[in-house]
file coords.cif (mmCIF, C-alpha atoms)
data_entry
loop_
_atom_site.label_atom_id
_atom_site.label_comp_id
_atom_site.auth_asym_id
_atom_site.auth_seq_id
_atom_site.Cartn_x
_atom_site.Cartn_y
_atom_site.Cartn_z
CA GLY P 4 -70.50 93.15 205.49
CA ARG P 5 -73.00 95.05 207.52
CA ARG P 6 -74.04 92.02 209.57
CA ARG P 7 -70.47 91.35 210.76
CA ALA P 8 -69.94 95.02 211.56
CA ARG P 9 -73.16 95.06 213.56
CA GLU P 10 -72.22 91.91 215.50
CA ALA P 11 -68.76 93.36 216.23
CA LEU P 12 -70.31 96.60 217.49
CA GLU P 13 -72.74 94.68 219.70
CA GLY P 14 -69.86 92.64 221.12
CA VAL P 15 -67.90 95.79 221.99
CA LEU P 16 -70.89 97.39 223.67
CA GLU P 17 -71.68 94.20 225.60
CA ARG P 18 -68.11 93.81 226.89
CA SER P 19 -67.88 97.47 227.85
CA LEU P 20 -71.19 97.46 229.70
CA THR P 21 -70.66 94.17 231.58
CA ALA P 22 -66.92 94.21 232.28
CA GLY P 23 -66.34 94.07 236.01
CA ARG P 24 -70.04 94.14 236.79
CA LEU P 25 -71.15 90.55 236.05
CA PRO P 26 -69.49 87.16 236.53
CA ASP P 27 -67.88 85.60 233.49
CA GLU P 28 -70.48 82.83 233.38
CA VAL P 29 -73.34 85.32 233.25
CA ARG P 30 -71.56 87.34 230.57
CA ARG P 31 -71.20 84.25 228.39
CA ARG P 32 -74.90 83.45 228.79
CA LEU P 33 -75.78 86.97 227.66
CA ARG P 34 -74.02 86.24 224.41
CA ARG P 35 -75.33 82.68 223.93
CA PRO P 36 -78.26 82.13 226.37
CA ILE P 37 -79.13 78.51 225.42
CA GLU P 38 -75.62 77.19 224.98
CA GLY P 39 -74.44 74.67 227.58
CA GLY P 40 -77.86 73.51 228.80
CA ALA P 41 -81.28 72.30 227.74
CA VAL P 42 -84.39 74.44 227.71
CA ARG P 43 -86.73 73.59 230.58
CA SER P 44 -90.37 74.55 231.06
CA PHE P 45 -92.12 75.33 234.32
CA VAL P 46 -95.74 75.70 235.44
CA MET P 47 -96.99 78.26 237.95
CA GLN P 48 -99.67 76.81 240.23
CA ASP P 49 -102.65 78.70 241.64
CA ASP P 50 -100.86 79.16 244.99
CA GLY P 51 -97.88 80.84 243.30
CA THR P 52 -95.46 77.90 243.48
CA VAL P 53 -93.48 76.91 240.39
CA THR P 54 -93.01 73.28 239.40
CA PRO P 55 -91.20 71.69 236.43
CA LEU P 56 -93.44 70.83 233.50
CA ASP P 57 -93.64 67.12 232.79
CA ALA P 58 -94.40 66.90 229.06
CA THR P 59 -95.50 63.26 229.25
CA SER P 60 -97.90 63.91 232.12
CA ARG P 61 -99.32 66.95 230.35
CA VAL P 62 -99.95 65.01 227.15
CA ALA P 63 -101.64 62.24 229.15
CA ARG P 64 -103.85 64.75 230.97
CA LEU P 65 -104.97 66.23 227.68
CA ALA P 66 -105.29 62.87 225.91
CA ILE P 67 -107.46 61.11 228.50
CA PRO P 68 -110.30 63.72 228.47
CA GLY P 69 -110.03 63.93 224.69
CA VAL P 70 -110.37 60.17 224.28
CA PHE P 71 -113.30 59.95 226.71
CA GLY P 72 -115.05 62.89 225.04
CA PHE P 73 -114.63 61.26 221.64
CA LEU P 74 -115.88 57.93 222.98
CA LEU P 75 -118.92 59.61 224.54
CA LEU P 76 -119.83 61.23 221.24
CA MET P 77 -119.28 58.02 219.27
CA SER P 78 -121.16 55.89 221.78
CA LEU P 79 -124.12 58.28 221.70
CA MET P 80 -124.17 58.14 217.92
CA THR P 81 -123.87 54.35 217.69
CA GLY P 82 -125.83 53.43 220.83
CA ALA P 83 -128.63 55.92 220.18
CA GLY P 84 -128.73 54.73 216.60
CA TYR P 85 -129.46 51.19 217.79
CA LEU P 86 -132.04 52.49 220.25
CA LEU P 87 -133.93 54.64 217.76
CA GLN P 88 -133.83 51.96 215.10
CA GLY P 89 -135.28 49.40 217.51
CA VAL P 90 -137.98 51.77 218.72
CA SER P 91 -138.96 52.75 215.17
CA GLU P 92 -139.24 49.12 214.05
CA GLU P 93 -141.36 48.19 217.07
CA LYS P 94 -143.66 51.15 216.47
CA GLU P 95 -144.13 50.25 212.80
CA ASN P 96 -144.76 46.57 213.61
CA ARG P 97 -147.11 47.51 216.49
CA VAL P 98 -145.11 45.21 218.76
CA ILE P 99 -144.60 48.03 221.23
CA GLU P 100 -148.26 47.95 222.30
CA VAL P 101 -147.93 44.32 223.35
CA ILE P 102 -144.76 45.08 225.29
CA LEU P 103 -146.34 48.04 227.12
CA ALA P 104 -149.11 45.74 228.32
CA SER P 105 -146.63 43.93 230.60
CA VAL P 106 -144.04 46.58 231.56
CA ARG P 107 -144.08 50.25 232.40
CA PRO P 108 -142.60 52.79 229.94
CA GLU P 109 -139.86 53.68 232.47
CA GLN P 110 -138.78 50.04 232.68
CA LEU P 111 -138.88 49.60 228.91
CA LEU P 112 -136.89 52.79 228.34
CA PHE P 113 -134.20 51.89 230.87
CA GLY P 114 -133.99 48.33 229.62
CA LYS P 115 -133.53 49.51 226.03
CA LEU P 116 -130.97 52.06 227.15
CA LEU P 117 -128.91 49.41 228.92
CA GLY P 118 -129.37 46.61 226.39
CA LEU P 119 -129.15 48.27 223.00
CA GLY P 120 -126.81 50.95 224.32
CA ALA P 121 -124.48 48.27 225.64
CA ALA P 122 -124.48 46.66 222.20
CA GLY P 123 -123.28 49.90 220.68
CA LEU P 124 -120.65 50.31 223.39
CA LEU P 125 -119.45 46.75 222.84
CA GLN P 126 -119.00 47.38 219.15
CA LEU P 127 -117.11 50.57 219.94
CA ALA P 128 -114.90 48.72 222.45
CA VAL P 129 -114.04 46.14 219.78
CA TRP P 130 -112.94 48.90 217.42
CA ILE P 131 -110.79 50.47 220.13
CA GLY P 132 -109.28 47.10 221.08
CA VAL P 133 -108.31 46.36 217.48
CA ALA P 134 -106.81 49.84 217.11
CA SER P 135 -104.86 49.42 220.37
CA LEU P 136 -103.47 46.04 219.33
CA SER P 137 -102.39 47.40 215.96
CA THR P 138 -100.54 50.23 217.72
CA GLY P 139 -99.13 48.35 220.69
CA LEU P 140 -96.29 50.74 221.37
CA LEU P 141 -98.65 53.70 221.50
CA ALA P 142 -100.99 51.88 223.87
CA ALA P 143 -98.08 50.88 226.14
CA ALA P 144 -96.86 54.47 226.29
CA ALA P 145 -100.38 55.70 227.14
CA LEU P 146 -100.70 53.15 229.96
CA ALA P 147 -97.31 54.16 231.35
CA ALA P 148 -98.40 57.79 231.56
CA LEU P 149 -101.93 56.99 232.75
CA ASN P 150 -103.32 59.14 235.54
CA VAL P 151 -105.62 56.76 237.43
CA ARG P 152 -107.53 59.48 239.29
CA LEU P 153 -108.22 61.38 236.08
CA PHE P 154 -109.18 58.16 234.29
CA LEU P 155 -111.73 57.20 236.97
CA GLY P 156 -113.16 60.71 237.04
CA CYS P 157 -113.65 60.77 233.28
CA LEU P 158 -115.19 57.29 233.46
CA VAL P 159 -117.81 58.49 236.00
CA PHE P 160 -118.81 61.45 233.83
CA PHE P 161 -118.81 59.22 230.76
CA VAL P 162 -121.30 56.75 232.29
CA LEU P 163 -123.57 59.45 233.75
CA GLY P 164 -123.47 61.45 230.55
CA PHE P 165 -124.34 58.43 228.45
CA LEU P 166 -127.31 57.56 230.67
CA MET P 167 -128.69 61.09 230.64
CA ILE P 168 -128.16 62.00 226.98
CA GLY P 169 -129.04 58.49 225.80
CA SER P 170 -132.36 58.54 227.65
CA LEU P 171 -133.20 62.03 226.35
CA MET P 172 -132.34 61.02 222.81
CA THR P 173 -134.49 57.91 223.09
CA GLY P 174 -137.46 59.72 224.62
CA THR P 175 -137.32 62.56 222.11
CA GLY P 176 -136.69 60.20 219.21
CA ALA P 177 -139.82 58.24 220.08
CA LEU P 178 -141.88 61.29 219.10
CA GLY P 179 -140.83 60.98 215.46
CA THR P 180 -143.04 59.30 212.89
CA SER P 181 -140.10 57.67 211.08
CA ALA P 182 -136.56 56.55 211.84
CA ARG P 183 -135.09 59.51 209.99
CA GLU P 184 -137.27 62.02 211.80
CA SER P 185 -136.45 60.37 215.13
CA GLN P 186 -132.72 60.71 214.50
CA GLN P 187 -133.14 64.38 213.63
CA LEU P 188 -135.05 65.06 216.84
CA ALA P 189 -132.56 63.12 218.95
CA ALA P 190 -129.54 64.90 217.43
CA ILE P 191 -130.52 68.09 219.27
CA TRP P 192 -129.30 66.70 222.60
CA SER P 193 -125.91 65.63 221.28
CA LEU P 194 -125.38 69.11 219.82
CA ILE P 195 -126.26 70.76 223.14
CA THR P 196 -123.80 68.45 224.91
CA VAL P 197 -120.87 68.91 222.53
CA LEU P 198 -121.06 72.44 221.10
CA PRO P 199 -120.67 74.64 224.24
CA PRO P 200 -117.53 72.83 225.53
CA ALA P 201 -116.11 72.67 221.99
CA LEU P 202 -116.57 76.42 221.47
CA THR P 203 -115.11 77.36 224.88
CA TRP P 204 -112.38 74.71 225.32
CA MET P 205 -109.61 77.34 225.30
CA VAL P 206 -111.34 79.18 228.15
CA LEU P 207 -111.82 75.90 230.01
CA MET P 208 -108.11 75.07 229.67
CA ASP P 209 -106.85 78.54 230.66
CA GLN P 210 -109.41 79.19 233.42
CA PRO P 211 -110.69 75.78 234.63
CA ASN P 212 -112.14 77.35 237.79
CA GLY P 213 -113.59 80.45 236.16
CA LEU P 214 -117.26 81.42 235.93
CA VAL P 215 -117.80 79.99 232.44
CA ALA P 216 -116.09 76.70 233.35
CA ARG P 217 -118.16 76.22 236.51
CA LEU P 218 -121.46 77.13 234.87
CA LEU P 219 -120.88 74.64 232.06
CA GLY P 220 -119.49 72.07 234.51
CA TRP P 221 -122.47 72.27 236.84
CA PHE P 222 -125.12 72.31 234.09
CA PRO P 223 -126.08 68.64 233.53
CA LEU P 224 -126.25 68.73 229.73
CA THR P 225 -122.78 70.21 229.28
CA ALA P 226 -121.19 68.72 232.40
CA PRO P 227 -119.76 65.45 230.98
CA ILE P 228 -117.35 66.86 228.38
CA THR P 229 -116.75 70.11 230.28
CA MET P 230 -115.66 68.32 233.45
CA MET P 231 -113.40 65.99 231.48
CA ILE P 232 -111.59 69.00 230.02
CA ARG P 233 -111.43 70.78 233.38
CA MET P 234 -110.10 67.77 235.25
CA GLY P 235 -107.46 67.36 232.56
CA THR P 236 -105.85 70.60 233.73
CA GLY P 237 -105.24 69.12 237.20
CA ARG P 238 -106.39 72.33 238.90
CA VAL P 239 -110.04 71.58 239.75
CA PRO P 240 -110.77 71.17 243.49
CA LEU P 241 -112.41 67.97 244.67
CA TRP P 242 -115.53 69.72 245.99
CA ASP P 243 -116.09 71.22 242.55
CA VAL P 244 -116.04 67.75 240.98
CA GLY P 245 -118.45 66.52 243.67
CA VAL P 246 -120.94 69.31 242.90
CA ALA P 247 -120.77 68.44 239.19
CA ILE P 248 -121.41 64.75 239.91
CA LEU P 249 -124.40 65.60 242.13
CA THR P 250 -125.99 67.92 239.56
CA LEU P 251 -125.36 65.41 236.77
CA SER P 252 -126.88 62.59 238.84
CA ALA P 253 -129.94 64.74 239.43
CA GLY P 254 -130.01 65.42 235.69
CA VAL P 255 -129.95 61.68 234.99
CA TRP P 256 -132.91 61.09 237.32
CA LEU P 257 -134.91 63.97 235.78
CA ALA P 258 -133.97 62.94 232.23
CA VAL P 259 -135.20 59.39 232.77
CA ARG P 260 -138.55 60.62 234.11
CA VAL P 261 -139.05 63.16 231.31
CA SER P 262 -137.89 60.72 228.67
CA ALA P 263 -140.23 58.02 229.99
CA ALA P 264 -143.17 60.41 229.64
CA LEU P 265 -142.15 61.36 226.10
CA PHE P 266 -141.48 57.71 225.36
CA ARG P 267 -145.00 56.73 226.46
CA LEU P 268 -146.57 59.55 224.46
CA GLY P 269 -144.59 58.82 221.30
CA LEU P 270 -145.27 55.10 221.38
CA LEU P 271 -149.00 55.38 221.90
CA LEU P 272 -149.50 57.92 219.10
CA TYR P 273 -148.83 55.86 216.01
CA GLY P 274 -148.35 57.70 212.68
CA THR P 275 -148.72 61.24 214.12
CA ARG P 276 -146.30 63.55 215.87
CA PRO P 277 -147.69 65.23 218.99
CA GLY P 278 -147.79 69.02 219.20
CA LEU P 279 -146.01 71.16 221.77
CA ARG P 280 -149.14 71.72 223.90
CA GLN P 281 -149.86 68.02 223.99
CA ILE P 282 -146.27 67.28 225.04
CA VAL P 283 -146.37 69.88 227.84
CA ARG P 284 -149.73 68.62 229.09
CA HIS P 285 -148.46 65.04 229.12
CA LEU P 286 -145.30 66.03 230.99
CA ARG P 287 -147.38 67.79 233.67
CA ARG P 288 -149.45 64.67 234.21
CA ALA P 289 -146.29 62.58 234.49
#
call {"tool": "encode", "arguments": {"input": "coords.cif", "output": "structure tokens"}}
result
Amino acid sequence: GRRRAREALEGVLERSLTAGRLPDEVRRRLRRPIEGGAVRSFVMQDDGTVTPLDATSRVARLAIPGVFGFLLLMSLMTGAGYLLQGVSEEKENRVIEVILASVRPEQLLFGKLLGLGAAGLLQLAVWIGVASLSTGLLAAAALAALNVRLFLGCLVFFVLGFLMIGSLMTGTGALGTSARESQQLAAIWSLITVLPPALTWMVLMDQPNGLVARLLGWFPLTAPITMMIRMGTGRVPLWDVGVAILTLSAGVWLAVRVSAALFRLGLLLYGTRPGLRQIVRHLRRA
């Protein structure tokens, strides 16, 4: 009916407008553009060059930061859970006072962060290993498409992020009077680390070198997950990654010192939670 008449009219107009003006091959493609070949995708780089899009490589670049970001969140939840539980039990049993008689708070904090945190990471690694063995084909495909440089970069930010956020969570959690209150106080740091990159991940993917991406990438608390997402795009310069590592390393050093002071204050005040003025005064002395 009308559809056939319309298609016939379009065919007449197309032949009349292109006859003698375009090659026959181009005229056939005007009628059926996709016929005779597969659809290919291309990516325009920052310098204006165009390269073919490798779907496997793109999936791997997105998957590796996603997996490391998920592991960081899970490790903070499990590892910090072990840390806060151990600290709360030692405070209630008054064992912590005996321990502080032989070691400094900084040493105790770092030892707990490495020991109990490693226990949580080990448990998480077991879960991942079992999941990988149960899906062997998926794991083999992921290894085949693995980007070693991206993997190592995400690993660096994972370790630094765990040390910084884990120490802050432990130091802040020590101020609580119970295990539940300690977990509530410590959860603030994980929210600060996860929420900004999660809310702006589209901006980070589209503009990995923009102002928002660099501010979040150079700020220690949001740097771990932000830099994983940015590096997954493959368009972040090496000096930018170096600046993020330096600022995050400085954040780790500062976090350990602040957390040690909070740790000392929270452990020595049994049964009471210190006020804001007392915390600020103690931090100034530290």
call {"tool": "resolve_selection", "arguments": {"input": "coords.cif", "expression": "the PyMOL selection byres ((chain P and resi 201-216) around 8)", "output": "ChimeraX atom specification"}}
result
/P:197-200,217-220,229,232-233,236,238-239
call {"tool": "residues_around", "arguments": {"input": "coords.cif", "residues": "Gly245 in chain P", "least_positions_apart": "2", "cutoff": "12 Å", "atoms": "all atoms listed in the file", "output": "PDB file with C-alpha atoms, in the frame of the given file"}}
result
ATOM      1  CA  GLY P 156    -113.160  60.710 237.040  1.00  0.00           C
ATOM      2  CA  VAL P 159    -117.810  58.490 236.000  1.00  0.00           C
ATOM      3  CA  PHE P 160    -118.810  61.450 233.830  1.00  0.00           C
ATOM      4  CA  GLY P 220    -119.490  72.070 234.510  1.00  0.00           C
ATOM      5  CA  TRP P 221    -122.470  72.270 236.840  1.00  0.00           C
ATOM      6  CA  ALA P 226    -121.190  68.720 232.400  1.00  0.00           C
ATOM      7  CA  MET P 230    -115.660  68.320 233.450  1.00  0.00           C
ATOM      8  CA  MET P 234    -110.100  67.770 235.250  1.00  0.00           C
ATOM      9  CA  VAL P 239    -110.040  71.580 239.750  1.00  0.00           C
ATOM     10  CA  PRO P 240    -110.770  71.170 243.490  1.00  0.00           C
ATOM     11  CA  LEU P 241    -112.410  67.970 244.670  1.00  0.00           C
ATOM     12  CA  TRP P 242    -115.530  69.720 245.990  1.00  0.00           C
ATOM     13  CA  ASP P 243    -116.090  71.220 242.550  1.00  0.00           C
ATOM     14  CA  ALA P 247    -120.770  68.440 239.190  1.00  0.00           C
ATOM     15  CA  ILE P 248    -121.410  64.750 239.910  1.00  0.00           C
ATOM     16  CA  LEU P 249    -124.400  65.600 242.130  1.00  0.00           C
ATOM     17  CA  THR P 250    -125.990  67.920 239.560  1.00  0.00           C
ATOM     18  CA  LEU P 251    -125.360  65.410 236.770  1.00  0.00           C
ATOM     19  CA  SER P 252    -126.880  62.590 238.840  1.00  0.00           C
TER      20      SER P 252
END
call {"tool": "resolve_selection", "arguments": {"input": "coords.cif", "expression": "the PyMOL selection byres ((chain P and resi 111) around 12)", "output": "PyMOL selection string"}}
result
chain P and resi 86+89-90+99-110+112-119+170+173-174+259+262-264+266-267+270
call {"tool": "write_last_selection", "arguments": {"input": "coords.cif", "atoms": "C-alpha atoms", "output": "PDB file, in the coordinates of the input"}}
result
ATOM      1  CA  LEU P  86    -132.040  52.490 220.250  1.00  0.00           C
ATOM      2  CA  GLY P  89    -135.280  49.400 217.510  1.00  0.00           C
ATOM      3  CA  VAL P  90    -137.980  51.770 218.720  1.00  0.00           C
ATOM      4  CA  ILE P  99    -144.600  48.030 221.230  1.00  0.00           C
ATOM      5  CA  GLU P 100    -148.260  47.950 222.300  1.00  0.00           C
ATOM      6  CA  VAL P 101    -147.930  44.320 223.350  1.00  0.00           C
ATOM      7  CA  ILE P 102    -144.760  45.080 225.290  1.00  0.00           C
ATOM      8  CA  LEU P 103    -146.340  48.040 227.120  1.00  0.00           C
ATOM      9  CA  ALA P 104    -149.110  45.740 228.320  1.00  0.00           C
ATOM     10  CA  SER P 105    -146.630  43.930 230.600  1.00  0.00           C
ATOM     11  CA  VAL P 106    -144.040  46.580 231.560  1.00  0.00           C
ATOM     12  CA  ARG P 107    -144.080  50.250 232.400  1.00  0.00           C
ATOM     13  CA  PRO P 108    -142.600  52.790 229.940  1.00  0.00           C
ATOM     14  CA  GLU P 109    -139.860  53.680 232.470  1.00  0.00           C
ATOM     15  CA  GLN P 110    -138.780  50.040 232.680  1.00  0.00           C
ATOM     16  CA  LEU P 112    -136.890  52.790 228.340  1.00  0.00           C
ATOM     17  CA  PHE P 113    -134.200  51.890 230.870  1.00  0.00           C
ATOM     18  CA  GLY P 114    -133.990  48.330 229.620  1.00  0.00           C
ATOM     19  CA  LYS P 115    -133.530  49.510 226.030  1.00  0.00           C
ATOM     20  CA  LEU P 116    -130.970  52.060 227.150  1.00  0.00           C
ATOM     21  CA  LEU P 117    -128.910  49.410 228.920  1.00  0.00           C
ATOM     22  CA  GLY P 118    -129.370  46.610 226.390  1.00  0.00           C
ATOM     23  CA  LEU P 119    -129.150  48.270 223.000  1.00  0.00           C
ATOM     24  CA  SER P 170    -132.360  58.540 227.650  1.00  0.00           C
ATOM     25  CA  THR P 173    -134.490  57.910 223.090  1.00  0.00           C
ATOM     26  CA  GLY P 174    -137.460  59.720 224.620  1.00  0.00           C
ATOM     27  CA  VAL P 259    -135.200  59.390 232.770  1.00  0.00           C
ATOM     28  CA  SER P 262    -137.890  60.720 228.670  1.00  0.00           C
ATOM     29  CA  ALA P 263    -140.230  58.020 229.990  1.00  0.00           C
ATOM     30  CA  ALA P 264    -143.170  60.410 229.640  1.00  0.00           C
ATOM     31  CA  PHE P 266    -141.480  57.710 225.360  1.00  0.00           C
ATOM     32  CA  ARG P 267    -145.000  56.730 226.460  1.00  0.00           C
ATOM     33  CA  LEU P 270    -145.270  55.100 221.380  1.00  0.00           C
TER      34      LEU P 270
END
call {"tool": "atom_distance", "arguments": {"input": "coords.cif", "atom1": "CA of Phe222 in chain P", "atom2": "CA of Val244 in chain P"}}
result
12.3 Å
call {"tool": "atom_distance", "arguments": {"input": "coords.cif", "atom1": "CA of Ala66 in chain P", "atom2": "CA of Met172 in chain P"}}
result
27.3 Å
call {"tool": "closest_residue", "arguments": {"input": "coords.cif", "among": "P:Gly176, P:Pro227, P:Gly254, P:Pro68", "to": "Phe154 in chain P", "atoms": "all atoms listed in the file"}}
result
P:Pro68
call {"tool": "resolve_selection", "arguments": {"input": "coords.cif", "expression": "the PyMOL selection byres ((chain P and resi 187-194) around 9)", "output": "PDB file with C-alpha atoms, in the frame of the given file"}}
result
ATOM      1  CA  LEU P  76    -119.830  61.230 221.240  1.00  0.00           C
ATOM      2  CA  LEU P  79    -124.120  58.280 221.700  1.00  0.00           C
ATOM      3  CA  MET P  80    -124.170  58.140 217.920  1.00  0.00           C
ATOM      4  CA  ALA P  83    -128.630  55.920 220.180  1.00  0.00           C
ATOM      5  CA  LEU P  87    -133.930  54.640 217.760  1.00  0.00           C
ATOM      6  CA  ILE P 168    -128.160  62.000 226.980  1.00  0.00           C
ATOM      7  CA  GLY P 169    -129.040  58.490 225.800  1.00  0.00           C
ATOM      8  CA  LEU P 171    -133.200  62.030 226.350  1.00  0.00           C
ATOM      9  CA  MET P 172    -132.340  61.020 222.810  1.00  0.00           C
ATOM     10  CA  THR P 173    -134.490  57.910 223.090  1.00  0.00           C
ATOM     11  CA  GLY P 174    -137.460  59.720 224.620  1.00  0.00           C
ATOM     12  CA  THR P 175    -137.320  62.560 222.110  1.00  0.00           C
ATOM     13  CA  GLY P 176    -136.690  60.200 219.210  1.00  0.00           C
ATOM     14  CA  ALA P 177    -139.820  58.240 220.080  1.00  0.00           C
ATOM     15  CA  LEU P 178    -141.880  61.290 219.100  1.00  0.00           C
ATOM     16  CA  GLY P 179    -140.830  60.980 215.460  1.00  0.00           C
ATOM     17  CA  ALA P 182    -136.560  56.550 211.840  1.00  0.00           C
ATOM     18  CA  ARG P 183    -135.090  59.510 209.990  1.00  0.00           C
ATOM     19  CA  GLU P 184    -137.270  62.020 211.800  1.00  0.00           C
ATOM     20  CA  SER P 185    -136.450  60.370 215.130  1.00  0.00           C
ATOM     21  CA  GLN P 186    -132.720  60.710 214.500  1.00  0.00           C
ATOM     22  CA  ILE P 195    -126.260  70.760 223.140  1.00  0.00           C
ATOM     23  CA  THR P 196    -123.800  68.450 224.910  1.00  0.00           C
ATOM     24  CA  VAL P 197    -120.870  68.910 222.530  1.00  0.00           C
ATOM     25  CA  LEU P 198    -121.060  72.440 221.100  1.00  0.00           C
ATOM     26  CA  PRO P 199    -120.670  74.640 224.240  1.00  0.00           C
ATOM     27  CA  LEU P 224    -126.250  68.730 229.730  1.00  0.00           C
TER      28      LEU P 224
END
call {"tool": "atom_distance", "arguments": {"input": "coords.cif", "atom1": "CA of Val70 in chain P", "atom2": "CA of Cys157 in chain P"}}
result
9.6 Å
